[in-house]
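Beneath this line is the structure, given in structure tokens, with notes to follow.
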Amino acid sequence: MREINRIFYKVLFLGFIIFSAEAKSKILSYGEAGAKVTVKVFSSLTCPACANWHSKIFYQMKKDFIDEGLVRFEHHPFPLDLAALNAEIILRCHVDNDKRFKFLGEIYKKQKIWAVGSDINKINESIKTIGAQVGLKNEEMDKCLKNDKSQDEILNSRIEAQSKYKIDSTPTVIINDKKYTGKIEYLKFRKEIEKNL
């Protein structure tokens with residue numbers, strides 16, 4: 001994994017310094033565009049704490065606030081390694097938003113299965129197995145992985161987020177442009193949302 005990370009950071013800092021406006025349109029979001037509260041989560045798909053946040057907070061928040069039109073949720077990619085970057089790239093293959101969120105949930109749920117080892121080809125195959133379960137074709141995913149534009153958008157988005165929000169760990173949760181620093185506990189998180197409604 002160390003070699004994968006070395007390559008990843010080399011690619012990341014080789015010059016992706018201009019943030020593309022197109023990256024904003026690629027943000028994975030759920031909920032009403034005009035909702036009073038926007039929750040942004042900057043996460044790496046290989047990060048166990050991110051998977052924990054998604055399982056403990058997202059689904060309950062969706063039921064209580066997103067489905068009621070009160071909160072808009074945005075998943076922002078902040079890949080910490082090449083495996084997370086490739087998972088984000090494949091996640092973007094889906095054009096159907098509901099299927100993307102289903103895929104995101106499965107990626108987190110099965111993180112301990114696919115996000116292991118140092119062979120990026122094996123990791124990619126594991127991610128693609130999950131993608132196939134949510135309706136993506138192998139050829140589609142291979143094509144997405146070869147798409148430099150998608151990779152650039154994700155990495156530029158990460159750089160822009162680092163600059164704007166001073167992210168020092170994942171997940172970083174932003175509620176209406178303010179960092180949430182509370183515990184990963186739904187009742188405390190819920191109170192924070194309610195303060196903003």
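Residues are referred to by chain and number: the chain letter is A, B, ... according to the order shown in the structure tokens, the number counts from 1 in that chain, and ligands are numbered separately from 1 in the order shown.
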Checklist entry - How would you write, as JSON, numbers by chain, the set of residues in range 6-152 of chain A that DSSP gives as strand (DSSP E or B)? => result {"A": [28, 29, 30, 37, 38, 39, 40, 41, 42, 43, 71, 72, 73, 74, 75, 76, 77]}
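Within 12 Å of range 110-112 of chain A there are Ser44, Leu45, Thr46, Cys47, Pro48, Ala49, Cys50, Ala51, Asn52, His54, Ser55, Ala83, Ala84, Ala87, Phe103, Leu104, Gly105, Glu106, Ile107, Ala115, Val116, Gly117, Ile123, Ser126, Ile127, Thr129, Ile130 and Gly131 of chain A, counting only C-alpha atoms and ignoring same-chain residues fewer than 3 positions away.
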Expected file contents, prior selection, C-alpha atoms, as a PDB file, in the first residue's frame:
```
ATOM      1  CA  SER A  44     -11.931   9.152   1.562  1.00  0.00           C
ATOM      2  CA  LEU A  45     -13.599   5.902   0.561  1.00  0.00           C
ATOM      3  CA  THR A  46     -10.791   3.897   2.202  1.00  0.00           C
ATOM      4  CA  CYS A  47     -11.193   5.730   5.522  1.00  0.00           C
ATOM      5  CA  PRO A  48     -12.817   3.554   8.254  1.00  0.00           C
ATOM      6  CA  ALA A  49     -14.050   6.629  10.177  1.00  0.00           C
ATOM      7  CA  CYS A  50     -15.813   7.798   6.982  1.00  0.00           C
ATOM      8  CA  ALA A  51     -17.547   4.441   6.618  1.00  0.00           C
ATOM      9  CA  ASN A  52     -18.542   4.651  10.287  1.00  0.00           C
ATOM     10  CA  HIS A  54     -21.962   7.065   6.774  1.00  0.00           C
ATOM     11  CA  SER A  55     -23.498   4.079   8.566  1.00  0.00           C
ATOM     12  CA  ALA A  83      -7.510   3.000  -4.026  1.00  0.00           C
ATOM     13  CA  ALA A  84      -9.893   5.705  -2.754  1.00  0.00           C
ATOM     14  CA  ALA A  87     -13.277   3.986  -6.071  1.00  0.00           C
ATOM     15  CA  PHE A 103     -23.093   2.156  -4.564  1.00  0.00           C
ATOM     16  CA  LEU A 104     -21.578   4.600  -2.044  1.00  0.00           C
ATOM     17  CA  GLY A 105     -23.266   2.708   0.786  1.00  0.00           C
ATOM     18  CA  GLU A 106     -21.974  -0.635  -0.510  1.00  0.00           C
ATOM     19  CA  ILE A 107     -18.434   0.739  -0.931  1.00  0.00           C
ATOM     20  CA  ALA A 115      -9.638  -1.642   0.464  1.00  0.00           C
ATOM     21  CA  VAL A 116      -6.869  -4.058   1.433  1.00  0.00           C
ATOM     22  CA  GLY A 117      -3.520  -5.130   0.014  1.00  0.00           C
ATOM     23  CA  ILE A 123      -8.278  -3.545  -5.504  1.00  0.00           C
ATOM     24  CA  SER A 126     -12.847  -5.745  -5.997  1.00  0.00           C
ATOM     25  CA  ILE A 127     -14.373  -2.276  -6.493  1.00  0.00           C
ATOM     26  CA  THR A 129     -17.343  -6.411  -8.304  1.00  0.00           C
ATOM     27  CA  ILE A 130     -19.329  -4.048  -6.062  1.00  0.00           C
ATOM     28  CA  GLY A 131     -20.085  -1.812  -9.051  1.00  0.00           C
TER      29      GLY A 131
END
```
Next on the checklist: So that I can check the secondary structure, give me every residue of range 39-181 of chain A assigned helix (DSSP H, G or I) by backbone DSSP, as an MDAnalysis selection string.
Outcome noted: chainID A and resid 48:66 82:91 97:109 111:114 120:133 138:145 148:165
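Those residues that approach Phe78 in chain A to within 10 Å, counting only C-alpha atoms, are Val41, Phe42, Ser43, Ser44, Leu45, Cys47, Ala84, Leu85, Glu88, Ile154, Leu155, Asn156, Ser157, Arg158, Ile159, Ala161, Gln162, Ile167, Ser169, Thr170, Pro171 and Thr172 of chain A; same-chain residues fewer than 6 positions away are not listed.
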I need the residues from that last selection saved to file as a compact mmCIF listing (two decimals), in the first residue's frame (with C-alpha atoms), if you can.
```txt
# COMPACT_ATOMS: atom_id res chain seq x y z
CA VAL A 41 -18.92 15.53 4.01
CA PHE A 42 -15.34 15.38 2.74
CA SER A 43 -14.28 11.78 2.89
CA SER A 44 -11.93 9.15 1.56
CA LEU A 45 -13.60 5.90 0.56
CA CYS A 47 -11.19 5.73 5.52
CA ALA A 84 -9.89 5.71 -2.75
CA LEU A 85 -9.34 7.76 -5.92
CA GLU A 88 -14.45 7.61 -6.53
CA ILE A 154 -11.61 14.64 -8.21
CA LEU A 155 -8.06 15.72 -7.42
CA ASN A 156 -8.77 19.39 -8.19
CA SER A 157 -11.83 19.19 -5.96
CA ARG A 158 -9.65 17.80 -3.14
CA ILE A 159 -7.13 20.62 -3.53
CA ALA A 161 -11.47 21.75 -0.43
CA GLN A 162 -8.11 21.65 1.36
CA ILE A 167 -9.15 19.80 6.06
CA SER A 169 -8.67 14.59 8.68
CA THR A 170 -11.49 12.59 7.15
CA PRO A 171 -14.35 12.72 7.42
CA THR A 172 -14.59 16.49 7.70
```
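Residues with any atom within 8 Å of Val71 in chain A, counting only C-alpha atoms and excluding same-chain neighbours fewer than 5 positions away, are A:Gly31, A:Glu32, A:Ala35, A:Lys36, A:Val37, A:Thr38, A:Val39, A:Phe65, A:Ile66.
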Next on the checklist: I'd like the neighbourhood of Arg92 in chain A as number ranges by chain, where a residue qualifies if any of its atoms comes within 9 Å (using only C-alpha atoms), though same-chain residues fewer than 6 positions away should be ignored.
Outcome noted: A: 26, 28, 100, 144, 150
Just to be explicit: take each residue in the selection above, keep C-alpha atoms, and write the result as a tab-separated table (two decimals), in the first residue's frame.
```tsv
chain	number	residue	atom	x	y	z
A	26	LYS	CA	-20.07	16.31	-10.38
A	28	LEU	CA	-22.74	13.58	-5.41
A	100	ARG	CA	-24.79	6.17	-6.96
A	144	CYS	CA	-14.17	5.36	-16.39
A	150	SER	CA	-12.63	12.40	-14.09
```
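Computed from the coordinates, the CA of Pro77 in chain A to CA of Gln151 in chain A distance equals 10.8 Å.
Contact shell of Lys195 in chain A at 12 Å (only C-alpha atoms; same-chain neighbours under 4 positions omitted): Lys36, Val37, Ile175, Asn176, Lys188, Phe189, Arg190 and Lys191 of chain A.
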Checklist outcome for this item: As a check of understanding: the span from CA of Leu70 in chain A to CA of Tyr30 in chain A is 11.2 Å
Sorted per-residue table, range 9-98 of chain A near range 136-141 of chain A, closest atoms and distance, 12 Å, only C-alpha atoms, as CSV:
```
residue,atom,partner,partner_atom,distance
A:Asn86,CA,A:Met141,CA,10.0
A:Ala87,CA,A:Met141,CA,10.1
A:Glu88,CA,A:Met141,CA,11.2
A:Ile89,CA,A:Met141,CA,8.5
A:Ile90,CA,A:Met141,CA,5.8
A:Leu91,CA,A:Met141,CA,8.9
A:Arg92,CA,A:Met141,CA,9.4
A:Cys93,CA,A:Met141,CA,6.6
A:His94,CA,A:Leu136,CA,7.1
A:Val95,CA,A:Leu136,CA,10.1
A:Asp96,CA,A:Leu136,CA,10.7
```
Checklist entry - Suppose you want the space between CA of Lys179 in chain A and CA of Lys149 in chain A; what is it in Å? => result 29.5 Å
Item to check | Among listed residues A:Val134, A:Leu145, A:Val173, A:Ile113, nearest His75 in chain A (using only C-alpha atoms) | outcome: A:Val173
